[in-house]
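Worksheet: the structure to be examined is printed underneath.
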2 protein chains.
Amino acid sequence: MEKLSEVIPIVYEGGELSLLDQRVLPFQETWIKCHDARETAQAIKDMVVRGAPAIGVTAAYGACMEIAKSVGRGQGVEGAKAGIEVLLSSRPTAYNLFYAVNRVLSASRAAAEAGRDPALAAELEAKRIDEENKQAAIDMGKVGASLINDGDVVMTICNTGALAVGYLGTALGVIKTAWREGKKIHVVALETRPWLQGSRLTVYELQKEGIPFTLIVDGASAIAIQRKGVRSVFVGADRIVEDGSTANKIGTFSLSVISKYFGIPFYVVAPLSTVQLGAKEIKVEERSPDEVTYIRGVPISTAGSNVYNPVFDVTPPENITAIITEKGIAWPPYEKSLKSLKSA
Amino acid sequence: MEKLSEVIPIVYEGGELSLLDQRVLPFQETWIKCHDARETAQAIKDMVVRGAPAIGVTAAYGACMEIAKSVGRGQGVEGAKAGIEVLLSSRPTAYNLFYAVNRVLSASRAAAEAGRDPALAAELEAKRIDEENKQAAIDMGKVGASLINDGDVVMTICNTGALAVGYLGTALGVIKTAWREGKKIHVVALETRPWLQGSRLTVYELQKEGIPFTLIVDGASAIAIQRKGVRSVFVGADRIVEDGSTANKIGTFSLSVISKYFGIPFYVVAPLSTVQLGAKEIKVEERSPDEVTYIRGVPISTAGSNVYNPVFDVTPPENITAIITEKGIAWPPYEKSLKSLKSA
């Protein structure tokens, strides 16, 4: 049963994709409407939607709308190719985007070859991706909620909720699931500079769900763990490599060090699609200094370009208590446990 | 020799006190003029000037201007009492303020009793406080700079420069001194949410001095230490108690934990007046949630009052490599070393 409080940021209905505009949340709830691949690409590019799984689902619908239009024009699946190319280049590094678009494309081609309706096949495949994504979030939530006890104070960073995942969330999904199971919990949310996903988006989702919370600046994490009785920390992941090293939003590594200092568990929550068994190294991208020296368009420093603004940091496996996936919990050593979950 | 690059935020000349308005720095360099105790009290209350030592020097001049006016009106030292009361209540918890005002008052009373000019005595005492404060900063700078090598990358939090101290600074004073000694250093400055003293004020002072620097968000401290070759960390102190436990700007405790994790030295820089030998516990004050949910008047969250906003945190002595004072370096155990420096 879906709760009314759940934030649903991606809605596909009657050939129209509606996206909750995350650029203006939490102050405005504005929906951006997309009707083909190009409009969807623009929304992804403009950060209307963020978070790899959410981008994957969005792109799947973008591809299916493009195919339906092309088929409607009598140009078949191949007539959608140009629009889909634009979609594929909207966020060049998003693995989920490629994966989702290619699945929709393959399904519609297979249908066309078999003499079935390629537009219908594309739509069914997009909905299947959406459903699989939801199911993974639900499963991760249940697996992770087993680690939260009634009365626990839990800490989290960034936004790893429905807004990032399309449904429920990863780390925040675990927290919501524990809450829905009736556990009386309290969340300490880090504001997460520079983008403030914590104070903007996580607070928004916690308020929608009615979960009691406390917002802190990132620097207050040590004193908050010390004085607010934080029992465990839950974070998401952008990418996990073979040994369990986890790339996630900037600040996660610092938080893992502080959790270890206090001896409280530090859990990573991510679908197995985030785990790349072959990979060993993680390259850390940097973003514009303006993200640090401006807040909502207001200048806060004269530092100019003298800024180091890494998008994420890499938490080493020895700082991670466990990795929670939709198929179960991976415990150290991760080389072994992640491989076994991936092949399960 | 004073360098032209030094920021001088408190200037007393010809019966007028000029304060560099820290509320609008670094975007505007505006001076607020004070001519008596009440105007000075207002400036302190309005946070035109911040930092305990800087407030002490400011208040000393405020008291001396009030006494001069009263003596000029033929009302003697006691005619200044009402104005001085207002000054004393401008920041009720600032120890330096009480100490400085009372020294000026005592000196002028002693002069009056001895038949000397009480207004002149008050001015001389205020200038003596100013000079002592400068000398302590210069001495701390020299002591601390011995711990910085040519080519070092050093990290700091908050603003502990001339703007906070009235002259040179504590932690930032050490860094400036090393730079003036010709050491080619690079500073990594934490922006220091919620007030952004790092990105606003420390960056301003580093730019004035021409020291190369990199600004980061507080959450990036772990990855910055890891990837930018940070060699040591220097922080200030609001208050140090008997065992060396140090209250300082929120984020300092987190930073000490991260420094320890990486095995780099973590130094506290503070005048001995900050050390309270009798004291054991430190109460942590909290401030308005608005400091976290608004930045320069712009709302950034809907969290409302669900915010934990402690003014400072307490770094335990085992996380502190050494405490640098104007009389030398205190090494652990601090019970012994701080006592011996205080009585030196």
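In the structure tokens, chains take the letters A, B, ... in the order shown, each chain's residues start at 1, and ligands count up from 1 in the order shown.
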How would you write, as an MDAnalysis selection string, the set of residues in stretch 52-244 of chain A that DSSP gives as alpha helix (DSSP H)?
chainID A and resid 52:72 81:88 95:113 118:145 162:165 171:180 197 203:209 221:227
I need the residues from that last selection saved to file as a compact mmCIF listing (two decimals), in the first residue's frame (with C-alpha atoms), if you can.
```txt
# COMPACT_ATOMS: atom_id res chain seq x y z
CA ALA A 52 21.17 8.28 -11.11
CA PRO A 53 18.16 5.94 -10.61
CA ALA A 54 15.67 8.81 -11.03
CA ILE A 55 17.44 9.89 -14.22
CA GLY A 56 17.25 6.31 -15.53
CA VAL A 57 13.48 6.10 -15.07
CA THR A 58 12.98 9.58 -16.55
CA ALA A 59 15.05 8.71 -19.61
CA ALA A 60 13.15 5.44 -20.12
CA TYR A 61 9.89 7.40 -20.41
CA GLY A 62 11.58 9.98 -22.63
CA ALA A 63 12.61 7.22 -25.04
CA CYS A 64 9.17 5.58 -25.03
CA MET A 65 7.42 8.90 -25.80
CA GLU A 66 9.82 9.50 -28.71
CA ILE A 67 9.22 6.03 -30.12
CA ALA A 68 5.43 6.42 -29.82
CA LYS A 69 5.59 9.71 -31.75
CA SER A 70 7.80 8.26 -34.45
CA VAL A 71 5.58 5.18 -34.84
CA GLY A 72 2.53 7.48 -34.92
CA LYS A 81 16.86 7.70 -33.26
CA ALA A 82 17.77 11.39 -33.55
CA GLY A 83 15.70 12.37 -30.51
CA ILE A 84 17.07 9.46 -28.51
CA GLU A 85 20.64 10.55 -29.35
CA VAL A 86 19.88 13.91 -27.74
CA LEU A 87 18.52 12.10 -24.69
CA LEU A 88 21.62 9.91 -24.41
CA TYR A 95 25.19 4.80 -16.47
CA ASN A 96 21.52 4.30 -15.56
CA LEU A 97 20.49 6.61 -18.38
CA PHE A 98 22.23 4.51 -21.07
CA TYR A 99 21.02 1.27 -19.56
CA ALA A 100 17.38 2.39 -19.38
CA VAL A 101 17.22 3.97 -22.85
CA ASN A 102 18.86 0.95 -24.45
CA ARG A 103 16.43 -1.43 -22.79
CA VAL A 104 13.45 0.55 -24.11
CA LEU A 105 14.98 0.73 -27.57
CA SER A 106 15.75 -3.02 -27.69
CA ALA A 107 12.27 -3.98 -26.51
CA SER A 108 10.58 -1.85 -29.16
CA ARG A 109 12.88 -3.16 -31.91
CA ALA A 110 12.22 -6.76 -30.86
CA ALA A 111 8.47 -6.08 -30.94
CA ALA A 112 8.66 -4.51 -34.40
CA GLU A 113 10.61 -7.50 -35.73
CA PRO A 118 6.77 -1.25 -30.97
CA ALA A 119 5.24 1.78 -29.21
CA LEU A 120 3.35 -0.40 -26.77
CA ALA A 121 6.46 -2.54 -26.18
CA ALA A 122 8.50 0.61 -25.45
CA GLU A 123 5.92 1.84 -22.96
CA LEU A 124 5.72 -1.53 -21.24
CA GLU A 125 9.52 -1.69 -20.96
CA ALA A 126 9.72 1.84 -19.51
CA LYS A 127 7.05 0.92 -16.97
CA ARG A 128 8.94 -2.30 -16.18
CA ILE A 129 12.12 -0.29 -15.48
CA ASP A 130 10.08 2.03 -13.28
CA GLU A 131 8.57 -0.95 -11.42
CA GLU A 132 11.92 -2.71 -10.98
CA ASN A 133 13.36 0.50 -9.61
CA LYS A 134 10.48 0.81 -7.15
CA GLN A 135 10.81 -2.81 -6.10
CA ALA A 136 14.56 -2.47 -5.50
CA ALA A 137 13.89 0.56 -3.29
CA ILE A 138 11.21 -1.31 -1.34
CA ASP A 139 13.51 -4.31 -0.88
CA MET A 140 16.49 -2.16 0.18
CA GLY A 141 14.21 -0.37 2.61
CA LYS A 142 13.12 -3.63 4.27
CA VAL A 143 16.64 -5.05 4.40
CA GLY A 144 18.04 -1.85 5.91
CA ALA A 145 15.17 -1.19 8.33
CA ALA A 162 12.36 9.50 -3.59
CA LEU A 163 13.63 12.69 -5.21
CA ALA A 164 16.96 11.03 -6.01
CA VAL A 165 15.72 7.53 -6.74
CA ALA A 171 19.47 5.57 2.68
CA LEU A 172 16.41 7.75 3.23
CA GLY A 173 14.27 4.88 1.92
CA VAL A 174 15.60 2.68 4.74
CA ILE A 175 14.79 5.39 7.27
CA LYS A 176 11.26 5.87 5.85
CA THR A 177 10.68 2.12 5.88
CA ALA A 178 11.67 1.86 9.56
CA TRP A 179 9.27 4.74 10.29
CA ARG A 180 6.43 3.07 8.35
CA GLN A 197 20.36 18.73 -0.70
CA VAL A 203 13.94 18.10 5.03
CA TYR A 204 11.14 18.34 2.43
CA GLU A 205 10.73 14.56 2.30
CA LEU A 206 10.95 14.14 6.09
CA GLN A 207 8.26 16.80 6.53
CA LYS A 208 6.00 15.11 3.93
CA GLU A 209 6.40 11.83 5.82
CA SER A 221 28.21 16.26 12.94
CA ALA A 222 30.69 15.38 15.71
CA ILE A 223 28.90 17.32 18.45
CA ALA A 224 25.52 16.08 17.21
CA ILE A 225 26.63 12.43 17.39
CA GLN A 226 28.08 13.12 20.83
CA ARG A 227 25.13 14.99 22.31
```
Distance query stretch 265-267 of chain A at most 7 Å, only C-alpha atoms, self and fewer than 5 positions along chain excluded, as a PyMOL selection string
chain A and resi 232-235+256+259+320-323
Per residue of chain A within 6 Å of chain B, what are the shortest atom pair and its distance in Å to one decimal, counting only C-alpha atoms, with rows by chain and residue number, as JSON lines?
```
{"residue": "A:Ser199", "atom": "CA", "partner": "B:Ser301", "partner_atom": "CA", "distance": 5.2}
{"residue": "A:Arg200", "atom": "CA", "partner": "B:Ser301", "partner_atom": "CA", "distance": 5.0}
{"residue": "A:Thr214", "atom": "CA", "partner": "B:Asn306", "partner_atom": "CA", "distance": 5.0}
{"residue": "A:Leu215", "atom": "CA", "partner": "B:Val307", "partner_atom": "CA", "distance": 4.6}
{"residue": "A:Ile216", "atom": "CA", "partner": "B:Tyr308", "partner_atom": "CA", "distance": 5.6}
{"residue": "A:Asp218", "atom": "CA", "partner": "B:Gly219", "partner_atom": "CA", "distance": 5.9}
{"residue": "A:Gly219", "atom": "CA", "partner": "B:Gly251", "partner_atom": "CA", "distance": 3.9}
{"residue": "A:Ala220", "atom": "CA", "partner": "B:Gly251", "partner_atom": "CA", "distance": 5.5}
{"residue": "A:Ala222", "atom": "CA", "partner": "B:Ser254", "partner_atom": "CA", "distance": 5.1}
{"residue": "A:Ile250", "atom": "CA", "partner": "B:Ala220", "partner_atom": "CA", "distance": 6.0}
{"residue": "A:Gly251", "atom": "CA", "partner": "B:Gly219", "partner_atom": "CA", "distance": 3.9}
{"residue": "A:Ser254", "atom": "CA", "partner": "B:Ala222", "partner_atom": "CA", "distance": 5.1}
{"residue": "A:Ser301", "atom": "CA", "partner": "B:Arg200", "partner_atom": "CA", "distance": 5.0}
{"residue": "A:Asn306", "atom": "CA", "partner": "B:Thr214", "partner_atom": "CA", "distance": 5.0}
{"residue": "A:Val307", "atom": "CA", "partner": "B:Leu215", "partner_atom": "CA", "distance": 4.6}
{"residue": "A:Tyr308", "atom": "CA", "partner": "B:Ile216", "partner_atom": "CA", "distance": 5.6}
```
What's the separation between atom CA of A:Ile32 and atom CA of B:Tyr294, in Å to one decimal place?
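One can read the atom CA of A:Ile32 to atom CA of B:Tyr294 distance as 26.8 Å.
Of the residues under consideration (A:Ile10, A:Val24, A:Val275, A:Val154), A:Val275 shows the shortest atom-to-atom contact distance to A:Thr246 when counting only C-alpha atoms.
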